>>> print(open('entry09.cif').read())   # mmCIF, N, CA and C atoms
data_work
#
loop_
_atom_site.label_atom_id
_atom_site.label_comp_id
_atom_site.auth_asym_id
_atom_site.auth_seq_id
_atom_site.Cartn_x
_atom_site.Cartn_y
_atom_site.Cartn_z
N MET A 1276 -16.42 -13.08 -7.84
CA MET A 1276 -15.64 -12.04 -7.19
C MET A 1276 -16.59 -11.16 -6.37
N GLN A 1277 -16.28 -11.00 -5.09
CA GLN A 1277 -17.05 -10.12 -4.21
C GLN A 1277 -16.41 -8.74 -4.24
N LYS A 1278 -17.24 -7.69 -4.12
CA LYS A 1278 -16.73 -6.32 -4.18
C LYS A 1278 -17.36 -5.50 -3.07
N MET A 1279 -16.61 -4.50 -2.61
CA MET A 1279 -17.15 -3.61 -1.60
C MET A 1279 -16.48 -2.25 -1.75
N CYS A 1280 -17.28 -1.20 -1.82
CA CYS A 1280 -16.78 0.17 -1.81
C CYS A 1280 -17.05 0.74 -0.43
N LEU A 1281 -16.05 1.33 0.18
CA LEU A 1281 -16.21 1.93 1.50
C LEU A 1281 -16.40 3.44 1.35
N PHE A 1282 -17.59 3.85 0.98
CA PHE A 1282 -17.83 5.28 0.79
C PHE A 1282 -17.79 6.00 2.13
N TYR A 1283 -17.03 7.05 2.20
CA TYR A 1283 -16.91 7.86 3.40
C TYR A 1283 -17.80 9.09 3.25
N PRO A 1284 -18.67 9.36 4.22
CA PRO A 1284 -19.58 10.50 4.11
C PRO A 1284 -18.85 11.84 4.17
N ASN A 1285 -17.68 11.87 4.78
CA ASN A 1285 -16.88 13.09 4.86
C ASN A 1285 -15.44 12.71 5.21
N GLU A 1286 -14.57 13.66 5.00
CA GLU A 1286 -13.17 13.44 5.33
C GLU A 1286 -12.96 13.63 6.83
N SER A 1287 -11.84 13.11 7.34
CA SER A 1287 -11.54 13.30 8.76
C SER A 1287 -10.64 14.51 8.97
N GLY A 1288 -10.02 15.00 7.91
CA GLY A 1288 -9.20 16.20 8.05
C GLY A 1288 -8.24 16.38 6.90
N HIS A 1289 -7.47 17.45 6.98
CA HIS A 1289 -6.50 17.81 5.95
C HIS A 1289 -5.20 18.19 6.65
N ALA A 1290 -4.07 17.75 6.12
CA ALA A 1290 -2.79 18.07 6.75
C ALA A 1290 -1.65 17.87 5.77
N ARG A 1291 -0.55 18.54 6.05
CA ARG A 1291 0.68 18.31 5.29
C ARG A 1291 1.42 17.15 5.93
N SER A 1292 0.84 15.97 5.81
CA SER A 1292 1.37 14.77 6.43
C SER A 1292 1.24 13.61 5.44
N ASP A 1293 2.23 12.73 5.43
CA ASP A 1293 2.18 11.50 4.64
C ASP A 1293 2.87 10.42 5.46
N PRO A 1294 2.10 9.76 6.37
CA PRO A 1294 2.71 8.80 7.30
C PRO A 1294 3.43 7.62 6.65
N ILE A 1295 3.23 7.36 5.36
CA ILE A 1295 3.98 6.28 4.71
C ILE A 1295 5.35 6.78 4.26
N LEU A 1296 5.38 7.95 3.63
CA LEU A 1296 6.63 8.41 3.03
C LEU A 1296 7.60 9.05 4.03
N ASP A 1297 7.07 9.69 5.07
CA ASP A 1297 7.95 10.33 6.04
C ASP A 1297 7.27 10.36 7.40
N THR A 1298 7.87 9.72 8.39
CA THR A 1298 7.25 9.63 9.71
C THR A 1298 7.72 10.74 10.66
N GLN A 1299 8.48 11.70 10.14
CA GLN A 1299 8.97 12.77 11.01
C GLN A 1299 8.65 14.17 10.50
N CYS A 1300 8.68 14.37 9.20
CA CYS A 1300 8.55 15.72 8.65
C CYS A 1300 7.22 15.92 7.93
N PRO A 1301 6.84 17.18 7.77
CA PRO A 1301 5.62 17.46 7.01
C PRO A 1301 5.79 17.08 5.54
N SER A 1302 4.67 16.80 4.89
CA SER A 1302 4.67 16.51 3.46
C SER A 1302 4.88 17.81 2.68
N GLY A 1303 5.27 17.68 1.43
CA GLY A 1303 5.44 18.85 0.57
C GLY A 1303 4.13 19.44 0.10
N HIS A 1304 3.02 18.75 0.36
CA HIS A 1304 1.70 19.26 -0.05
C HIS A 1304 0.64 18.72 0.91
N VAL A 1305 -0.55 19.26 0.82
CA VAL A 1305 -1.65 18.89 1.72
C VAL A 1305 -2.31 17.61 1.24
N HIS A 1306 -2.69 16.74 2.18
CA HIS A 1306 -3.45 15.52 1.89
C HIS A 1306 -4.82 15.62 2.56
N THR A 1307 -5.79 14.96 1.97
CA THR A 1307 -7.12 14.80 2.56
C THR A 1307 -7.19 13.39 3.12
N PHE A 1308 -7.59 13.26 4.40
CA PHE A 1308 -7.60 11.99 5.10
C PHE A 1308 -9.02 11.51 5.37
N TYR A 1309 -9.19 10.19 5.38
CA TYR A 1309 -10.46 9.54 5.68
C TYR A 1309 -10.17 8.45 6.71
N GLY A 1310 -11.03 8.32 7.70
CA GLY A 1310 -10.84 7.34 8.75
C GLY A 1310 -10.51 8.04 10.05
N PRO A 1311 -9.64 7.45 10.89
CA PRO A 1311 -9.31 8.06 12.18
C PRO A 1311 -8.71 9.46 12.02
N GLN A 1312 -8.97 10.30 13.00
CA GLN A 1312 -8.42 11.66 13.00
C GLN A 1312 -7.01 11.64 13.56
N LYS A 1313 -6.23 10.67 13.12
CA LYS A 1313 -4.85 10.50 13.57
C LYS A 1313 -3.98 10.42 12.33
N PHE A 1314 -3.51 11.56 11.86
CA PHE A 1314 -2.71 11.55 10.64
C PHE A 1314 -1.42 12.34 10.81
N HIS A 1315 -0.91 12.38 12.04
CA HIS A 1315 0.42 12.94 12.29
C HIS A 1315 1.43 12.04 11.58
N PRO A 1316 2.56 12.58 11.13
CA PRO A 1316 3.54 11.73 10.44
C PRO A 1316 3.96 10.47 11.20
N ASP A 1317 3.97 10.52 12.54
CA ASP A 1317 4.41 9.34 13.28
C ASP A 1317 3.26 8.45 13.76
N THR A 1318 2.09 8.57 13.14
CA THR A 1318 0.95 7.71 13.50
C THR A 1318 1.33 6.25 13.30
N SER A 1319 1.01 5.44 14.28
CA SER A 1319 1.36 4.01 14.22
C SER A 1319 0.12 3.15 13.96
N ASN A 1320 0.37 1.89 13.63
CA ASN A 1320 -0.72 0.94 13.46
C ASN A 1320 -1.55 0.83 14.74
N ALA A 1321 -0.88 0.81 15.89
CA ALA A 1321 -1.59 0.73 17.17
C ALA A 1321 -2.47 1.95 17.39
N ASP A 1322 -1.99 3.13 17.00
CA ASP A 1322 -2.82 4.35 17.12
C ASP A 1322 -4.12 4.17 16.36
N LEU A 1323 -4.03 3.64 15.15
CA LEU A 1323 -5.23 3.48 14.31
C LEU A 1323 -6.16 2.42 14.87
N VAL A 1324 -5.61 1.26 15.21
CA VAL A 1324 -6.43 0.15 15.71
C VAL A 1324 -7.17 0.55 16.98
N ASN A 1325 -6.55 1.38 17.81
CA ASN A 1325 -7.14 1.76 19.09
C ASN A 1325 -7.97 3.04 19.02
N THR A 1326 -8.28 3.51 17.83
CA THR A 1326 -9.07 4.73 17.69
C THR A 1326 -10.49 4.52 18.19
N ASN A 1327 -10.97 5.46 18.98
CA ASN A 1327 -12.37 5.48 19.37
C ASN A 1327 -13.16 5.83 18.11
N PRO A 1328 -14.11 5.00 17.68
CA PRO A 1328 -14.86 5.26 16.45
C PRO A 1328 -15.53 6.64 16.40
N ALA A 1329 -15.75 7.25 17.57
CA ALA A 1329 -16.32 8.60 17.60
C ALA A 1329 -15.37 9.63 16.99
N PHE A 1330 -14.09 9.29 16.89
CA PHE A 1330 -13.08 10.19 16.33
C PHE A 1330 -12.58 9.69 14.98
N SER A 1331 -13.48 9.14 14.19
CA SER A 1331 -13.15 8.61 12.87
C SER A 1331 -14.30 8.92 11.91
N SER A 1332 -13.95 9.18 10.67
CA SER A 1332 -15.00 9.41 9.66
C SER A 1332 -15.46 8.11 9.03
N SER A 1333 -14.89 6.98 9.45
CA SER A 1333 -15.31 5.69 8.91
C SER A 1333 -16.70 5.32 9.41
N PRO A 1334 -17.60 4.98 8.50
CA PRO A 1334 -18.91 4.52 8.94
C PRO A 1334 -18.89 3.08 9.45
N TRP A 1335 -17.74 2.41 9.39
CA TRP A 1335 -17.61 1.03 9.85
C TRP A 1335 -16.70 0.99 11.07
N VAL A 1336 -17.27 0.64 12.20
CA VAL A 1336 -16.50 0.56 13.45
C VAL A 1336 -15.33 -0.40 13.29
N GLU A 1337 -15.52 -1.47 12.51
CA GLU A 1337 -14.49 -2.49 12.35
C GLU A 1337 -13.31 -2.02 11.50
N ASN A 1338 -13.48 -0.97 10.73
CA ASN A 1338 -12.41 -0.53 9.83
C ASN A 1338 -11.89 0.83 10.26
N GLN A 1339 -10.79 0.82 10.99
CA GLN A 1339 -10.15 2.06 11.39
C GLN A 1339 -8.85 2.26 10.61
N SER A 1340 -8.87 1.85 9.34
CA SER A 1340 -7.74 2.11 8.46
C SER A 1340 -7.74 3.58 8.09
N LEU A 1341 -6.58 4.09 7.73
CA LEU A 1341 -6.44 5.48 7.34
C LEU A 1341 -6.16 5.53 5.84
N TYR A 1342 -6.97 6.29 5.12
CA TYR A 1342 -6.83 6.45 3.67
C TYR A 1342 -6.60 7.93 3.39
N TRP A 1343 -5.80 8.22 2.36
CA TRP A 1343 -5.60 9.62 2.00
C TRP A 1343 -5.17 9.76 0.55
N HIS A 1344 -5.33 10.97 0.05
CA HIS A 1344 -4.89 11.33 -1.29
C HIS A 1344 -4.50 12.80 -1.26
N PRO A 1345 -3.71 13.24 -2.24
CA PRO A 1345 -3.40 14.68 -2.29
C PRO A 1345 -4.70 15.48 -2.36
N SER A 1346 -4.77 16.56 -1.60
CA SER A 1346 -5.95 17.41 -1.63
C SER A 1346 -6.09 18.06 -3.00
N ILE A 1347 -7.32 18.25 -3.41
CA ILE A 1347 -7.62 18.83 -4.72
C ILE A 1347 -8.09 20.26 -4.51
N TYR A 1348 -7.57 21.18 -5.30
CA TYR A 1348 -7.92 22.59 -5.20
C TYR A 1348 -8.49 23.09 -6.52
N ARG A 1349 -9.47 23.97 -6.40
CA ARG A 1349 -10.05 24.65 -7.57
C ARG A 1349 -9.43 26.04 -7.61
N GLN A 1350 -8.91 26.41 -8.79
CA GLN A 1350 -8.27 27.72 -8.93
C GLN A 1350 -9.20 28.65 -9.70
N THR A 1351 -9.45 29.82 -9.13
CA THR A 1351 -10.30 30.83 -9.77
C THR A 1351 -9.59 32.18 -9.72
N ILE A 1352 -10.06 33.10 -10.53
CA ILE A 1352 -9.54 34.46 -10.54
C ILE A 1352 -10.65 35.37 -10.02
N GLU A 1353 -10.37 36.08 -8.96
CA GLU A 1353 -11.34 37.01 -8.38
C GLU A 1353 -10.68 38.36 -8.19
N GLY A 1354 -11.23 39.37 -8.88
CA GLY A 1354 -10.65 40.72 -8.76
C GLY A 1354 -9.21 40.78 -9.20
N GLY A 1355 -8.85 39.97 -10.19
CA GLY A 1355 -7.48 39.94 -10.69
C GLY A 1355 -6.52 39.12 -9.85
N GLN A 1356 -7.01 38.54 -8.77
CA GLN A 1356 -6.17 37.72 -7.89
C GLN A 1356 -6.50 36.24 -8.05
N THR A 1357 -5.48 35.42 -8.04
CA THR A 1357 -5.70 33.98 -8.10
C THR A 1357 -6.11 33.48 -6.73
N LYS A 1358 -7.16 32.67 -6.69
CA LYS A 1358 -7.65 32.11 -5.43
C LYS A 1358 -7.69 30.59 -5.56
N ASN A 1359 -7.10 29.89 -4.59
CA ASN A 1359 -7.12 28.42 -4.55
C ASN A 1359 -8.04 27.99 -3.41
N THR A 1360 -9.07 27.21 -3.74
CA THR A 1360 -10.04 26.75 -2.75
C THR A 1360 -10.05 25.23 -2.74
N ARG A 1361 -9.84 24.65 -1.56
CA ARG A 1361 -9.84 23.19 -1.45
C ARG A 1361 -11.23 22.65 -1.77
N VAL A 1362 -11.29 21.57 -2.55
CA VAL A 1362 -12.55 20.91 -2.89
C VAL A 1362 -12.80 19.83 -1.85
N ASN A 1363 -13.96 19.89 -1.21
CA ASN A 1363 -14.32 18.91 -0.18
C ASN A 1363 -15.45 18.02 -0.67
N ASN A 1364 -15.77 17.01 0.13
CA ASN A 1364 -16.88 16.09 -0.17
C ASN A 1364 -16.74 15.47 -1.56
N LEU A 1365 -15.65 14.78 -1.77
CA LEU A 1365 -15.35 14.18 -3.07
C LEU A 1365 -15.94 12.78 -3.24
N SER A 1366 -16.60 12.25 -2.23
CA SER A 1366 -17.15 10.89 -2.29
C SER A 1366 -16.06 9.88 -2.62
N THR A 1367 -14.93 10.00 -1.95
CA THR A 1367 -13.82 9.09 -2.16
C THR A 1367 -14.10 7.75 -1.51
N SER A 1368 -13.64 6.69 -2.18
CA SER A 1368 -13.93 5.37 -1.66
C SER A 1368 -12.82 4.38 -1.93
N PRO A 1369 -12.27 3.77 -0.86
CA PRO A 1369 -11.42 2.61 -1.09
C PRO A 1369 -12.29 1.48 -1.65
N TYR A 1370 -11.70 0.64 -2.45
CA TYR A 1370 -12.45 -0.41 -3.14
C TYR A 1370 -11.76 -1.73 -2.90
N TYR A 1371 -12.48 -2.68 -2.35
CA TYR A 1371 -11.93 -4.01 -2.07
C TYR A 1371 -12.58 -5.06 -2.96
N ARG A 1372 -11.79 -6.04 -3.37
CA ARG A 1372 -12.31 -7.20 -4.11
C ARG A 1372 -11.70 -8.45 -3.50
N TRP A 1373 -12.48 -9.52 -3.46
CA TRP A 1373 -11.97 -10.79 -2.94
C TRP A 1373 -12.76 -11.93 -3.55
N PRO A 1374 -12.20 -13.14 -3.55
CA PRO A 1374 -12.89 -14.29 -4.14
C PRO A 1374 -14.18 -14.63 -3.39
N ALA A 1375 -15.12 -15.22 -4.09
CA ALA A 1375 -16.40 -15.60 -3.48
C ALA A 1375 -16.19 -16.70 -2.45
N GLN A 1376 -17.01 -16.68 -1.40
CA GLN A 1376 -16.96 -17.71 -0.37
C GLN A 1376 -17.27 -19.06 -1.02
N GLY A 1377 -16.57 -20.10 -0.58
CA GLY A 1377 -16.77 -21.44 -1.14
C GLY A 1377 -15.80 -21.77 -2.26
N THR A 1378 -15.00 -20.80 -2.69
CA THR A 1378 -14.00 -21.07 -3.73
C THR A 1378 -12.66 -21.38 -3.06
N PRO A 1379 -11.77 -22.11 -3.75
CA PRO A 1379 -10.46 -22.40 -3.15
C PRO A 1379 -9.67 -21.13 -2.81
N GLU A 1380 -9.82 -20.09 -3.63
CA GLU A 1380 -9.10 -18.84 -3.37
C GLU A 1380 -9.57 -18.18 -2.07
N PHE A 1381 -10.88 -18.31 -1.77
CA PHE A 1381 -11.42 -17.70 -0.55
C PHE A 1381 -10.76 -18.30 0.69
N ASP A 1382 -10.52 -19.61 0.67
CA ASP A 1382 -9.91 -20.29 1.81
C ASP A 1382 -8.47 -19.86 2.05
N GLN A 1383 -7.85 -19.19 1.07
CA GLN A 1383 -6.46 -18.76 1.21
C GLN A 1383 -6.35 -17.30 1.65
N LEU A 1384 -7.48 -16.62 1.84
CA LEU A 1384 -7.45 -15.22 2.24
C LEU A 1384 -6.87 -15.06 3.64
N VAL A 1385 -6.06 -14.04 3.82
CA VAL A 1385 -5.53 -13.69 5.13
C VAL A 1385 -5.65 -12.18 5.30
N GLU A 1386 -5.68 -11.72 6.54
CA GLU A 1386 -5.76 -10.28 6.76
C GLU A 1386 -4.41 -9.64 6.45
N PHE A 1387 -4.44 -8.33 6.21
CA PHE A 1387 -3.18 -7.62 6.00
C PHE A 1387 -2.35 -7.75 7.28
N PRO A 1388 -1.03 -7.92 7.15
CA PRO A 1388 -0.20 -8.03 8.36
C PRO A 1388 -0.14 -6.70 9.10
N GLU A 1389 0.12 -6.76 10.39
CA GLU A 1389 0.25 -5.54 11.18
C GLU A 1389 1.33 -4.66 10.57
N GLY A 1390 1.04 -3.39 10.46
CA GLY A 1390 1.99 -2.46 9.88
C GLY A 1390 1.95 -2.39 8.36
N PHE A 1391 1.01 -3.12 7.72
CA PHE A 1391 0.90 -3.11 6.27
C PHE A 1391 0.64 -1.70 5.77
N ARG A 1392 1.33 -1.30 4.72
CA ARG A 1392 1.15 0.01 4.09
C ARG A 1392 1.17 -0.18 2.59
N MET A 1393 0.38 0.60 1.89
CA MET A 1393 0.31 0.44 0.44
C MET A 1393 0.11 1.79 -0.22
N ILE A 1394 0.77 1.98 -1.35
CA ILE A 1394 0.56 3.16 -2.19
C ILE A 1394 0.08 2.66 -3.53
N ALA A 1395 -1.07 3.16 -3.98
CA ALA A 1395 -1.61 2.80 -5.29
C ALA A 1395 -1.59 4.05 -6.16
N TYR A 1396 -1.10 3.91 -7.37
CA TYR A 1396 -1.02 5.06 -8.26
C TYR A 1396 -0.87 4.58 -9.70
N SER A 1397 -1.01 5.49 -10.62
CA SER A 1397 -0.70 5.20 -12.01
C SER A 1397 -0.29 6.49 -12.68
N ASP A 1398 0.81 6.45 -13.38
CA ASP A 1398 1.24 7.62 -14.14
C ASP A 1398 1.23 7.32 -15.65
N GLN A 1399 0.54 6.26 -16.02
CA GLN A 1399 0.48 5.88 -17.42
C GLN A 1399 -0.58 6.69 -18.16
N LEU A 1400 -0.35 6.95 -19.43
CA LEU A 1400 -1.32 7.61 -20.28
C LEU A 1400 -2.61 6.81 -20.29
N ASN A 1401 -3.74 7.47 -20.17
CA ASN A 1401 -5.07 6.84 -20.16
C ASN A 1401 -5.28 5.90 -18.98
N ALA A 1402 -4.64 6.17 -17.85
CA ALA A 1402 -4.78 5.30 -16.68
C ALA A 1402 -6.22 5.20 -16.22
N ASP A 1403 -7.01 6.21 -16.51
CA ASP A 1403 -8.41 6.18 -16.08
C ASP A 1403 -9.27 5.31 -17.00
N GLN A 1404 -8.69 4.65 -17.97
CA GLN A 1404 -9.43 3.81 -18.90
C GLN A 1404 -9.32 2.33 -18.57
N GLY A 1405 -8.62 1.98 -17.49
CA GLY A 1405 -8.35 0.57 -17.18
C GLY A 1405 -9.55 -0.23 -16.75
N GLY A 1406 -10.42 0.35 -15.94
CA GLY A 1406 -11.57 -0.40 -15.45
C GLY A 1406 -11.13 -1.60 -14.62
N GLU A 1407 -12.04 -2.53 -14.42
CA GLU A 1407 -11.75 -3.68 -13.56
C GLU A 1407 -10.76 -4.66 -14.17
N VAL A 1408 -10.61 -4.66 -15.49
CA VAL A 1408 -9.71 -5.62 -16.12
C VAL A 1408 -8.45 -4.95 -16.67
N GLY A 1409 -8.35 -3.63 -16.53
CA GLY A 1409 -7.18 -2.91 -17.04
C GLY A 1409 -5.94 -3.26 -16.26
N GLY A 1410 -4.81 -3.16 -16.91
CA GLY A 1410 -3.56 -3.54 -16.26
C GLY A 1410 -2.69 -2.36 -15.91
N ASN A 1411 -3.27 -1.17 -15.74
CA ASN A 1411 -2.42 -0.01 -15.58
C ASN A 1411 -2.43 0.60 -14.19
N LEU A 1412 -2.97 -0.07 -13.19
CA LEU A 1412 -2.89 0.43 -11.83
C LEU A 1412 -1.64 -0.17 -11.20
N LEU A 1413 -0.78 0.68 -10.70
CA LEU A 1413 0.44 0.23 -10.06
C LEU A 1413 0.25 0.25 -8.56
N VAL A 1414 0.69 -0.76 -7.88
CA VAL A 1414 0.53 -0.84 -6.43
C VAL A 1414 1.88 -1.12 -5.81
N GLU A 1415 2.20 -0.36 -4.79
CA GLU A 1415 3.46 -0.54 -4.09
C GLU A 1415 3.15 -0.84 -2.63
N CYS A 1416 3.60 -1.96 -2.14
CA CYS A 1416 3.40 -2.31 -0.73
C CYS A 1416 4.60 -1.82 0.05
N CYS A 1417 4.33 -1.06 1.07
CA CYS A 1417 5.40 -0.40 1.81
C CYS A 1417 5.51 -0.97 3.21
N ASN A 1418 5.80 -2.24 3.34
CA ASN A 1418 6.02 -2.82 4.66
C ASN A 1418 7.36 -2.36 5.16
N LEU A 1419 7.35 -1.72 6.30
CA LEU A 1419 8.60 -1.20 6.84
C LEU A 1419 9.47 -2.29 7.44
N ASN A 1420 8.86 -3.37 7.85
CA ASN A 1420 9.60 -4.47 8.45
C ASN A 1420 9.87 -5.53 7.36
N PRO A 1421 11.13 -5.71 6.95
CA PRO A 1421 11.43 -6.67 5.89
C PRO A 1421 10.94 -8.09 6.21
N ALA A 1422 10.78 -8.43 7.47
CA ALA A 1422 10.32 -9.78 7.83
C ALA A 1422 8.88 -10.02 7.47
N THR A 1423 8.09 -8.94 7.23
CA THR A 1423 6.67 -9.11 6.90
C THR A 1423 6.41 -9.07 5.40
N LYS A 1424 7.44 -8.95 4.60
CA LYS A 1424 7.26 -8.90 3.14
C LYS A 1424 6.98 -10.27 2.58
#
>>> encode(input="entry09.cif", output="structure tokens")
Amino acid sequence: MQKMCLFYPNESGHARSDPILDTQCPSGHVHTFYGPQKFHPDTSNADLVNTNPAFSSSPWVENQSLYWHPSIYRQTIEGGQTKNTRVNNLSTSPYYRWPAQGTPEFDQLVEFPEGFRMIAYSDQLNADQGGEVGGNLLVECCNLNPATK
């Protein structure tokens, strides 16, 4: 099994946007984005693919995918007032795995179809204990075009 972590040196921005869940309205909370600086709700696959790498936080010119997660805030009390401060530089990384070259599985690999969207999450107790062989990561593929499912 081949593995690759795409560590991003910094985020590309923060916004109340979630281009998978709603392509017209703001999100109910702030997200931190990595990759192209194109995270308006109506951002399209073509917008991402055609991004000038100078306007992306991706260290890989070939990968102009957009990744995001809910922004994380640290809450403190200062002078009796609650203060919420966004936490930056989280060293967030998408993680890819694929079969080794020369195996039958490798020959069956295909790229994600145009417009591919995915949400990965887990709400199970001890979800952080799964590791590479754990079965508690849930993945939802959100292809908007039923013909590409």
>>> select_by_dssp(input="entry09.cif", residues="segment 1300-1402 of chain A", states="helix (DSSP H, G or I)", output="PyMOL selection string")
chain A and resi 1320-1324+1328-1330+1381-1383+1402
>>> atom_distance(input="entry09.cif", atom1="atom C of Asp1297 of chain A", atom2="atom C of Ser1340 of chain A")
16.5 Å
>>> resolve_selection(input="entry09.cif", expression="the PyMOL selection byres ((chain A and resi 1360) around 6.5)", output="list in words")
Ile1347, Tyr1348, Arg1349, Gln1350, Thr1351, Lys1358, Asn1359, Arg1361 and Val1362 of chain A
>>> closest_residue(input="entry09.cif", among="A:Trp1343, A:Gln1312, A:Phe1391, A:Asp1382", to="Phe1330 of chain A", atoms="only N, CA and C atoms")
A:Gln1312
>>> atom_distance(input="entry09.cif", atom1="atom CA of Asn1285 of chain A", atom2="atom C of Pro1301 of chain A")
23.0 Å
>>> closest_residue(input="entry09.cif", among="A:Ser1346, A:Ser1332, A:Gln1339, A:Gln1356", to="Ala1290 of chain A", atoms="all atoms listed in the file")
A:Ser1346
>>> residues_around(input="entry09.cif", residues="Gln1299 of chain A", least_positions_apart="2", cutoff="8 Å", atoms="all atoms listed in the file", output="PyMOL selection string")
chain A and resi 1293-1294+1296-1297+1301-1302+1315-1318
>>> atom_distance(input="entry09.cif", atom1="atom C of Tyr1342 of chain A", atom2="atom C of Val1324 of chain A")
15.5 Å
>>> resolve_selection(input="entry09.cif", expression="the PyMOL selection byres ((chain A and resi 1311) around 8)", output="PyMOL selection string")
chain A and resi 1286-1288+1308-1310+1312-1314+1322-1323+1326-1333+1338-1342
>>> select_by_dssp(input="entry09.cif", residues="segment 1289-1403 of chain A", states="strand (DSSP E or B)", output="JSON, numbers by chain")
{"A": [1289, 1290, 1306, 1307, 1308, 1309, 1311, 1331, 1342, 1343, 1344, 1345, 1348, 1349, 1350, 1351, 1352, 1353, 1356, 1357, 1358, 1359, 1360, 1361, 1370, 1371, 1372, 1373, 1393, 1394, 1395, 1396]}
